Structures are given as structure tokens and as C-alpha cells.
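Okay, structure_26.tsv now, which holds TSV, C-alpha atoms:
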chain	number	residue	atom	x	y	z
U	1	MET	CA	-3.97	-0.32	-55.10
U	2	LEU	CA	-1.92	-1.07	-51.99
U	3	ASP	CA	-4.81	0.06	-49.80
U	4	ASP	CA	-7.19	-2.21	-51.70
U	5	LEU	CA	-4.72	-5.10	-51.33
U	6	ALA	CA	-4.61	-4.50	-47.57
U	7	LEU	CA	-8.41	-4.62	-47.48
U	8	PHE	CA	-8.47	-7.89	-49.42
U	9	ILE	CA	-6.01	-9.49	-46.99
U	10	ARG	CA	-8.10	-8.29	-44.05
U	11	ILE	CA	-11.29	-9.77	-45.64
U	12	VAL	CA	-9.59	-13.15	-46.02
U	13	GLU	CA	-8.34	-13.06	-42.44
U	14	CYS	CA	-11.72	-11.97	-41.03
U	15	GLY	CA	-13.72	-14.41	-43.15
U	16	SER	CA	-16.50	-11.92	-44.00
U	17	LEU	CA	-17.10	-8.52	-45.48
U	18	ASN	CA	-18.99	-7.26	-42.44
U	19	ALA	CA	-16.21	-8.22	-40.01
U	20	ALA	CA	-13.57	-6.63	-42.22
U	21	ALA	CA	-15.71	-3.51	-42.65
U	22	GLN	CA	-16.01	-3.17	-38.87
U	23	ARG	CA	-12.24	-3.54	-38.43
U	24	HIS	CA	-11.67	-0.75	-40.95
U	25	ALA	CA	-14.60	1.38	-39.76
U	26	MET	CA	-16.15	1.65	-43.22
U	27	PRO	CA	-19.54	0.68	-44.69
U	28	PRO	CA	-19.72	-2.86	-46.18
U	29	ALA	CA	-20.84	-1.35	-49.49
U	30	THR	CA	-17.65	0.68	-49.69
U	31	LEU	CA	-15.55	-2.38	-48.91
U	32	THR	CA	-17.38	-4.36	-51.61
U	33	ARG	CA	-16.77	-1.60	-54.16
U	34	ARG	CA	-13.06	-1.50	-53.30
U	35	LEU	CA	-12.82	-5.30	-53.64
U	36	GLN	CA	-14.50	-5.19	-57.04
U	37	LYS	CA	-12.09	-2.47	-58.14
U	38	LEU	CA	-9.13	-4.67	-57.16
U	39	GLU	CA	-10.57	-7.68	-59.04
U	40	GLN	CA	-11.07	-5.53	-62.13
U	41	ALA	CA	-7.49	-4.29	-61.96
U	42	LEU	CA	-6.17	-7.87	-61.65
U	43	GLY	CA	-8.56	-9.31	-64.23
U	44	CYS	CA	-9.66	-12.24	-62.07
U	45	ARG	CA	-12.12	-13.11	-59.31
U	46	LEU	CA	-10.53	-13.29	-55.87
U	47	LEU	CA	-13.44	-14.43	-53.65
U	48	HIS	CA	-16.36	-16.84	-53.78
U	49	ARG	CA	-19.27	-15.00	-52.21
U	50	SER	CA	-22.01	-16.81	-50.30
U	51	ALA	CA	-24.70	-15.75	-47.87
U	52	ARG	CA	-22.66	-16.86	-44.84
U	53	ARG	CA	-19.04	-16.22	-45.68
U	54	LEU	CA	-16.42	-15.50	-48.31
U	55	LEU	CA	-13.83	-17.98	-49.51
U	56	PRO	CA	-10.86	-17.17	-51.70
U	57	THR	CA	-10.78	-18.56	-55.21
U	58	GLU	CA	-7.68	-20.43	-56.34
U	59	ALA	CA	-6.31	-17.16	-57.75
U	60	GLY	CA	-7.36	-15.43	-54.54
U	61	TRP	CA	-5.42	-17.91	-52.38
U	62	GLN	CA	-2.30	-17.51	-54.51
U	63	TYR	CA	-2.61	-13.73	-54.41
U	64	TYR	CA	-3.13	-13.78	-50.64
U	65	GLU	CA	-0.17	-16.10	-49.92
U	66	ARG	CA	2.23	-14.11	-52.10
U	67	CYS	CA	1.15	-10.62	-51.11
U	68	ARG	CA	0.58	-11.02	-47.37
U	69	PRO	CA	4.33	-11.23	-46.43
U	70	LEU	CA	5.16	-8.46	-48.91
U	71	LEU	CA	2.54	-6.17	-47.38
U	72	ALA	CA	3.73	-7.01	-43.85
U	73	SER	CA	7.30	-6.18	-44.86
U	74	LEU	CA	6.18	-2.89	-46.41
U	75	GLN	CA	4.21	-1.98	-43.29
U	76	GLN	CA	7.22	-2.79	-41.12
U	77	ALA	CA	9.48	-0.64	-43.31
U	78	THR	CA	6.96	2.20	-43.16
U	79	SER	CA	6.74	1.89	-39.40
U	80	SER	CA	10.55	1.91	-39.07
U	81	LEU	CA	10.82	4.97	-41.32
U	82	ASP	CA	8.11	6.74	-39.34
U	83	ALA	CA	9.97	5.98	-36.12
U	84	GLU	CA	13.23	7.30	-37.60
U	85	LEU	CA	11.58	10.51	-38.77
U	86	ASN	CA	9.59	11.15	-35.61
U	87	ARG	CA	11.59	9.70	-32.70
U	88	PRO	CA	14.71	11.58	-31.56
U	89	ALA	CA	17.13	8.67	-31.48
U	90	GLY	CA	20.12	7.42	-33.43
U	91	VAL	CA	23.30	8.99	-34.83
U	92	VAL	CA	23.64	12.62	-35.91
U	93	ARG	CA	26.78	13.48	-37.90
U	94	VAL	CA	27.84	17.12	-37.73
U	95	LEU	CA	30.59	18.93	-39.64
U	96	ALA	CA	31.87	22.16	-38.07
U	97	PRO	CA	34.91	24.42	-37.85
U	98	VAL	CA	37.11	23.67	-34.86
U	99	THR	CA	36.75	27.15	-33.40
U	100	LEU	CA	32.99	27.38	-33.84
U	101	ALA	CA	32.29	23.97	-32.31
U	102	GLY	CA	34.85	24.39	-29.55
U	103	VAL	CA	34.06	27.98	-28.58
U	104	LEU	CA	30.50	29.05	-29.28
U	105	TYR	CA	29.05	25.56	-28.80
U	106	ARG	CA	31.52	24.05	-26.34
U	107	GLU	CA	28.94	23.76	-23.55
U	108	ALA	CA	26.04	23.10	-25.92
U	109	TRP	CA	27.11	19.57	-26.88
U	110	ALA	CA	27.11	18.30	-23.29
U	111	ARG	CA	23.73	19.83	-22.53
U	112	PHE	CA	22.23	18.44	-25.73
U	113	MET	CA	23.53	14.94	-25.01
U	114	ALA	CA	22.14	15.10	-21.48
U	115	GLN	CA	18.76	16.22	-22.80
U	116	TYR	CA	18.64	13.57	-25.57
U	117	PRO	CA	20.35	10.42	-24.23
U	118	ASP	CA	19.14	8.32	-27.18
U	119	ILE	CA	21.01	10.47	-29.70
U	120	ARG	CA	24.67	9.77	-30.45
U	121	LEU	CA	26.73	12.65	-31.83
U	122	VAL	CA	29.56	12.32	-34.32
U	123	LEU	CA	31.35	15.68	-34.46
U	124	GLN	CA	33.80	15.97	-37.35
U	125	LEU	CA	35.75	19.20	-36.82
U	126	ALA	CA	38.07	20.89	-39.31
U	127	ASN	CA	38.88	24.48	-40.18
U	128	GLU	CA	38.81	23.59	-43.88
U	129	ARG	CA	35.35	23.48	-45.43
U	130	GLN	CA	34.17	19.88	-45.63
U	131	ASP	CA	31.84	18.45	-48.28
U	132	LEU	CA	28.50	17.78	-46.61
U	133	LEU	CA	27.36	15.18	-49.15
U	134	ALA	CA	30.72	13.42	-49.55
U	135	GLU	CA	31.04	13.04	-45.78
U	136	GLY	CA	27.48	11.71	-45.42
U	137	ALA	CA	26.76	14.23	-42.67
U	138	ASP	CA	23.36	15.31	-41.38
U	139	LEU	CA	24.30	18.92	-40.55
U	140	ALA	CA	27.15	21.31	-41.23
U	141	LEU	CA	27.79	24.45	-39.19
U	142	ARG	CA	29.40	27.26	-41.16
U	143	VAL	CA	30.44	30.84	-40.58
U	144	GLY	CA	29.63	33.57	-43.09
U	145	GLU	CA	26.92	34.04	-45.68
U	146	GLN	CA	26.01	30.85	-47.55
U	147	ALA	CA	25.37	31.38	-51.24
U	148	ASP	CA	24.79	27.72	-52.17
U	149	SER	CA	21.02	27.39	-52.59
U	150	LEU	CA	21.24	23.62	-53.18
U	151	TYR	CA	21.37	22.98	-49.45
U	152	GLY	CA	18.70	23.47	-46.87
U	153	GLN	CA	19.92	26.14	-44.50
U	154	ARG	CA	18.94	28.07	-41.39
U	155	ARG	CA	20.67	31.05	-39.87
U	156	LEU	CA	21.45	30.21	-36.25
U	157	GLY	CA	22.59	33.63	-35.19
U	158	THR	CA	25.60	35.92	-35.16
U	159	GLY	CA	28.98	35.72	-33.47
U	160	GLN	CA	30.90	38.91	-32.66
U	161	THR	CA	34.68	39.14	-33.06
U	162	VAL	CA	37.07	41.27	-31.02
U	163	LEU	CA	40.67	42.43	-30.89
U	164	VAL	CA	42.36	41.62	-27.56
U	165	ALA	CA	45.67	41.90	-25.75
U	166	ALA	CA	46.91	41.64	-22.17
U	167	PRO	CA	47.43	44.94	-20.27
U	168	ASP	CA	51.02	43.99	-19.44
U	169	TYR	CA	51.80	43.39	-23.12
U	170	LEU	CA	50.44	46.84	-24.02
U	171	ALA	CA	52.36	48.42	-21.15
U	172	ARG	CA	55.52	46.87	-22.56
U	173	ALA	CA	54.94	47.28	-26.31
U	174	GLY	CA	52.69	50.35	-26.37
U	175	TRP	CA	49.12	50.81	-27.60
U	176	PRO	CA	48.51	50.84	-31.37
U	177	ASP	CA	46.80	54.03	-32.56
U	178	SER	CA	45.30	52.58	-35.77
U	179	PRO	CA	44.72	49.21	-37.47
U	180	ALA	CA	47.79	49.85	-39.64
U	181	ALA	CA	49.92	50.16	-36.51
U	182	LEU	CA	49.16	46.53	-35.65
U	183	ALA	CA	51.89	45.57	-38.09
U	184	GLN	CA	54.46	46.86	-35.57
U	185	HIS	CA	53.26	44.50	-32.84
U	186	ASP	CA	53.57	40.84	-31.90
U	187	LEU	CA	50.54	39.23	-33.49
U	188	LEU	CA	48.81	35.95	-32.59
U	189	VAL	CA	46.93	34.50	-35.57
U	190	ALA	CA	44.36	31.83	-34.81
U	191	GLU	CA	43.10	29.80	-37.77
U	192	PRO	CA	40.92	30.32	-39.67
U	193	MET	CA	40.88	34.04	-38.78
U	194	ARG	CA	43.66	35.15	-41.13
U	195	ARG	CA	41.92	38.43	-42.08
U	196	TRP	CA	41.07	40.88	-39.30
U	197	ARG	CA	38.02	42.92	-40.22
U	198	LEU	CA	37.59	46.02	-38.08
U	199	GLN	CA	35.14	48.91	-38.03
U	200	ASP	CA	35.57	52.41	-36.64
U	201	THR	CA	32.78	52.77	-34.05
U	202	ALA	CA	32.75	56.56	-34.42
U	203	GLY	CA	32.97	57.09	-38.17
U	204	GLY	CA	31.76	53.72	-39.37
U	205	ASN	CA	34.78	53.21	-41.64
U	206	ALA	CA	35.74	49.56	-42.14
U	207	THR	CA	39.15	48.12	-42.84
U	208	VAL	CA	40.71	44.69	-43.29
U	209	PHE	CA	44.09	44.01	-41.74
U	210	GLN	CA	45.87	40.84	-42.79
U	211	PRO	CA	48.83	39.87	-40.57
U	212	GLN	CA	51.94	39.14	-42.58
U	213	ASP	CA	54.66	36.68	-41.63
U	214	PRO	CA	56.66	36.56	-39.56
U	215	VAL	CA	53.94	36.75	-36.90
U	216	ARG	CA	54.57	35.82	-33.28
U	217	LEU	CA	52.26	32.80	-33.45
U	218	ARG	CA	50.05	30.88	-35.87
U	219	VAL	CA	47.86	28.19	-34.33
U	220	ASN	CA	44.69	26.29	-35.19
U	221	ASP	CA	43.45	26.11	-31.59
U	222	MET	CA	41.53	29.20	-30.50
U	223	GLN	CA	41.64	28.47	-26.78
U	224	LEU	CA	45.42	28.14	-26.86
U	225	ALA	CA	45.65	31.46	-28.72
U	226	VAL	CA	43.50	33.17	-26.06
U	227	ASP	CA	45.62	31.67	-23.27
U	228	LEU	CA	48.79	33.00	-24.92
U	229	ALA	CA	47.20	36.44	-25.33
U	230	VAL	CA	46.37	36.40	-21.62
U	231	ALA	CA	50.01	35.45	-20.99
U	232	GLY	CA	51.08	38.67	-22.69
U	233	GLN	CA	52.48	37.22	-25.90
U	234	GLY	CA	50.78	39.59	-28.34
U	235	ILE	CA	47.58	40.90	-29.92
U	236	LEU	CA	44.86	38.46	-31.01
U	237	TYR	CA	41.72	38.69	-33.15
U	238	CYS	CA	39.18	36.14	-32.00
U	239	PRO	CA	35.49	35.42	-31.33
U	240	LEU	CA	34.19	37.52	-28.45
U	241	ARG	CA	32.82	34.35	-26.88
U	242	ALA	CA	36.35	32.90	-26.63
U	243	ALA	CA	37.73	35.91	-24.76
U	244	GLU	CA	34.60	36.95	-22.86
U	245	ALA	CA	35.71	35.72	-19.43
U	246	ALA	CA	39.20	37.22	-19.75
U	247	LEU	CA	37.74	40.55	-20.90
U	248	ALA	CA	35.30	40.61	-17.99
U	249	SER	CA	38.11	39.97	-15.48
U	250	GLY	CA	40.45	42.54	-17.04
U	251	ARG	CA	43.08	39.98	-18.05
U	252	LEU	CA	42.45	41.08	-21.63
U	253	VAL	CA	41.46	44.46	-23.07
U	254	ASN	CA	40.75	45.87	-26.52
U	255	PRO	CA	44.02	47.47	-27.76
U	256	LEU	CA	42.04	49.62	-30.22
U	257	PRO	CA	39.04	50.78	-28.16
U	258	GLY	CA	37.61	52.80	-31.05
U	259	TRP	CA	37.47	49.79	-33.34
U	260	GLN	CA	35.30	46.66	-33.14
U	261	GLY	CA	35.46	43.35	-34.93
U	262	GLU	CA	32.86	42.25	-37.42
U	263	ALA	CA	29.73	40.24	-36.60
U	264	LEU	CA	29.80	36.91	-38.42
U	265	PRO	CA	26.59	35.02	-39.26
U	266	VAL	CA	26.46	31.35	-38.29
U	267	TYR	CA	24.45	28.91	-40.42
U	268	ALA	CA	23.34	25.30	-40.21
U	269	LEU	CA	23.15	23.46	-43.53
U	270	TRP	CA	21.73	20.04	-44.42
U	271	PRO	CA	21.58	17.89	-47.57
U	272	PRO	CA	19.12	18.98	-50.27
U	273	GLN	CA	15.73	17.36	-50.80
U	274	ARG	CA	15.90	15.43	-47.54
U	275	ALA	CA	13.24	15.45	-44.83
U	276	LEU	CA	15.00	16.06	-41.55
U	277	PRO	CA	14.54	13.12	-39.15
U	278	ALA	CA	13.56	13.93	-35.59
U	279	ARG	CA	17.09	13.39	-34.27
U	280	VAL	CA	18.40	16.10	-36.62
U	281	ARG	CA	15.44	18.45	-36.15
U	282	VAL	CA	15.83	18.49	-32.37
U	283	LEU	CA	19.55	19.26	-32.68
U	284	LEU	CA	18.84	22.11	-35.10
U	285	ASP	CA	16.18	23.53	-32.76
U	286	PHE	CA	18.52	23.13	-29.79
U	287	LEU	CA	21.34	25.02	-31.56
U	288	LEU	CA	18.92	27.80	-32.53
U	289	ASP	CA	17.86	28.22	-28.91
U	290	TRP	CA	21.42	27.93	-27.64
U	291	THR	CA	22.75	30.55	-30.06
U	292	ALA	CA	19.97	32.95	-29.11
U	293	GLY	CA	20.70	32.47	-25.42
U	294	ALA	CA	24.48	32.35	-25.70
U	295	THR	CA	24.98	35.31	-28.03
U	296	PRO	CA	27.38	37.56	-26.13
U	297	ARG	CA	26.64	41.18	-25.41
U	298	GLY	CA	27.55	43.29	-28.43
U	299	ALA	CA	26.55	40.63	-30.99
U	300	GLN	CA	23.52	41.17	-33.18
Could I get this structure in the form of C-alpha cells?
Amino acid sequence: MLDDLALFIRIVECGSLNAAAQRHAMPPATLTRRLQKLEQALGCRLLHRSARRLLPTEAGWQYYERCRPLLASLQQATSSLDAELNRPAGVVRVLAPVTLAGVLYREAWARFMAQYPDIRLVLQLANERQDLLAEGADLALRVGEQADSLYGQRRLGTGQTVLVAAPDYLARAGWPDSPAALAQHDLLVAEPMRRWRLQDTAGGNATVFQPQDPVRLRVNDMQLAVDLAVAGQGILYCPLRAAEAALASGRLVNPLPGWQGEALPVYALWPPQRALPARVRVLLDFLLDWTAGATPRGAQ
């Protein structure tokens, strides 16, 4: 009925069926049939028809005057919504763990903002899991398998973890010969990695080591933990990405060479039953590409 109303308004504004039909690129007979259908639905005649032109009836004038601004407002709202859904501009609110956002995606945010200057990012970082709906966020980045099927979700990739220590610390304290021997060492625990999952690369056996207090350090800043490991303060379990440069330079090594950390899946989640606007879609696509390109050697 809205389409027929739009046609009626166009007929009144054009002053004839033929002119309106040309504007809408449809046969005059089709336009006439649509007009008659609208009059039948309303139960009144809207136009006086003559050989030369059409004039609205009294009911037609009232209908035109009341509906024209409403239709214009609806068209404007539709146009604004279309622009929001299809133009990458506006605010994108993202929830993410501190370590994930500050390590794996540290460089990604700057490059994304440079590529999309019309998008404003609001990054809300916390190691505790935040409620996506309660926070009114557009995306949430999470580590680990996501069982909640209520949310839209996309696996971005995988982040490898690693056990590291400085050579001078190991020279002083000795090398552990098993995961259980870690309990005899100075341990640096970076939140939220409280459980150290390790796998024997030769036999495939997996184990979980959970550092018990008193540990040498507990901290919720991964970069600080890596810096203290480089300074020789103890053994750290962390994302490979966080320690990659120090490992490459030899400032850090794996104190258990026969054991590797687990590979953790990284997901993006968004609110259920919501079409992703362009500003959110381009960020999701960007993070997918970035994760694929930034996945360190050894990650899957």
C-alpha cells in the first residue's frame, strides 16, 4: 500500500497519469490499476478524471496533504538507514580482553583507523568477560571456543602460546626437566593466563600446570610480564605474539624445549538477529585479514 500511496502522490504532483507513468517508467494502464486498487482499499475516490488532467477530490486533497510529509519522513528514514548499513562511517564499540587487543591486534587498530578515517573506535578492554548486549557493543573479541549460539560469531584465527624465560635466569636457577618442575621456579603469571596448558611435542601428551601462590609476580599487563621475563625475573606463559621479538633475538628462550603451549581460537561475536552495518562489517573483515596475516609461525 505504501508503494501505491507514493504513486498517488506522484500523480498529484505531476498533474497527469501519463507524466507520472513516465516518471516511474511504467505503463499508464498499470498506474491506473494501482490507483484504483488504492481507492478500493480506502473506500473513497481520490481523483477527478478528465480528458486533459486529473484533480484530487476533497478526500484526495486531505489524503495527499496528510500523507505527503509522512511519506517524505519515511523515505528519509529509509535513506538514513541504508546509509548506515552500507557506508563505513560512525562509531564501532568493541569489547576485548586486554591481552588480546593489546598484543595480537596492537598494530591493527592504528592501521584500521588510517584506512577508515570516518569510523570512530570505542575499545572497551577488560580481562573479565563483558556482556555484549548489556554494554551495547557492536563486536566482542573472545579467546576459546564459543558455545553460545545466540550470538552471531566468526572464527578469526588461532593464537599460539609459549613458555619463555631469559637465558640468564635459566643459567642461575637451572632448566626445568618437566612441567611439574616449574613449581620449583620463579613464575610470572599474566592475567588471564592462570592455567598453563602444555603438550609434549614428541609423545603428544598434554598437561595443565596451574601456578600456585606465592608466585614471583601476578600482573594483568602482558607486555610488562614479557619485559620482566626478559629482565630475568622468572618463567612466563604468554601468547607467542607477545614474546616473538624477544625469542627471535635470543633474549628469551623456551625453558622446556620439548613442550609447546596450546593454540587458542580467537572469535568475533556480535548481537543476535542484527544486520551488521557497513562500519562493523569492514572491521570484522579487516580483523579476519589481519589475523590471517599476523598469525605467528607455529600457530594453526
Which one is closest to Tyr116 of chain U: U:Val98, U:Val91, U:Ala275, U:Ala180? Count all atoms listed in the file.
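The answer is U:Val91, which sits nearest to Tyr116 of chain U.
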If you count only C-alpha atoms, the residue of U:Ala134, U:Ala263, U:Ala245, U:Ala25 closest to Gln160 of chain U turns out to be U:Ala263
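Atom pair atom CA of Met113 of chain U / atom CA of Asp289 of chain U: separated by 15.0 Å.
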Restricting the calculation to only C-alpha atoms: of U:Leu121, U:Ile235, U:Leu17, U:Leu7, which residue gets closest to Gly90 of chain U?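 Closest to Gly90 of chain U of all the choices is U:Leu121.
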**Request:** Enter the distance from atom CA of Met26 of chain U to atom CA of Gly43 of chain U, in Å, rounded to one decimal.
**Result:**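 Atom CA of Gly43 of chain U lies 24.9 Å from atom CA of Met26 of chain U.
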* segment 201-204 of chain U: which residues within 10 Å, counting only C-alpha atoms, same-chain residues fewer than 4 positions away excluded, as a list in words? -> Pro257, Gly258, Trp259, Gln260 and Gly261 of chain U
Which of these residues is nearest to Val189 of chain U, using only C-alpha atoms: U:Pro176, U:Pro214, U:Pro97, U:Gly293?
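That would be U:Pro214, the residue with the smallest distance to Val189 of chain U.
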(request) Kindly indicate which residue among U:Thr99, U:Thr32, U:Gln184, U:Thr57 lies nearest to Ala225 of chain U, using all atoms listed in the file for the distances. (result)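 Closest to Ala225 of chain U of all the choices is U:Thr99.
Considering only C-alpha atoms, the residue among U:Arg10, U:Arg241, U:Arg279, U:Lys37 positioned nearest to His24 of chain U is U:Arg10.
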Within 12 Å of file point (51.1, 50.5, -21.6), counting all atoms listed in the file, expressed as a PDB file with C-alpha atoms, in the frame of the given file:
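File written: selection13.pdb
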ATOM      1  CA  ALA U 165      45.670  41.900 -25.750  1.00  0.00           C
ATOM      2  CA  ALA U 166      46.910  41.640 -22.170  1.00  0.00           C
ATOM      3  CA  PRO U 167      47.430  44.940 -20.270  1.00  0.00           C
ATOM      4  CA  ASP U 168      51.020  43.990 -19.440  1.00  0.00           C
ATOM      5  CA  TYR U 169      51.800  43.390 -23.120  1.00  0.00           C
ATOM      6  CA  LEU U 170      50.440  46.840 -24.020  1.00  0.00           C
ATOM      7  CA  ALA U 171      52.360  48.420 -21.150  1.00  0.00           C
ATOM      8  CA  ARG U 172      55.520  46.870 -22.560  1.00  0.00           C
ATOM      9  CA  ALA U 173      54.940  47.280 -26.310  1.00  0.00           C
ATOM     10  CA  GLY U 174      52.690  50.350 -26.370  1.00  0.00           C
ATOM     11  CA  TRP U 175      49.120  50.810 -27.600  1.00  0.00           C
ATOM     12  CA  PRO U 176      48.510  50.840 -31.370  1.00  0.00           C
ATOM     13  CA  GLY U 232      51.080  38.670 -22.690  1.00  0.00           C
ATOM     14  CA  VAL U 253      41.460  44.460 -23.070  1.00  0.00           C
ATOM     15  CA  PRO U 255      44.020  47.470 -27.760  1.00  0.00           C
TER      16      PRO U 255
END
Which residues come within 10 Å of Leu150 of chain U, counting all atoms listed in the file, excluding same-chain residues fewer than 4 positions away, as an NGL selection string?
-> :U and (269-273)
The distance between atom CA of Gly159 of chain U and atom CA of Leu264 of chain U is 5.2 Å
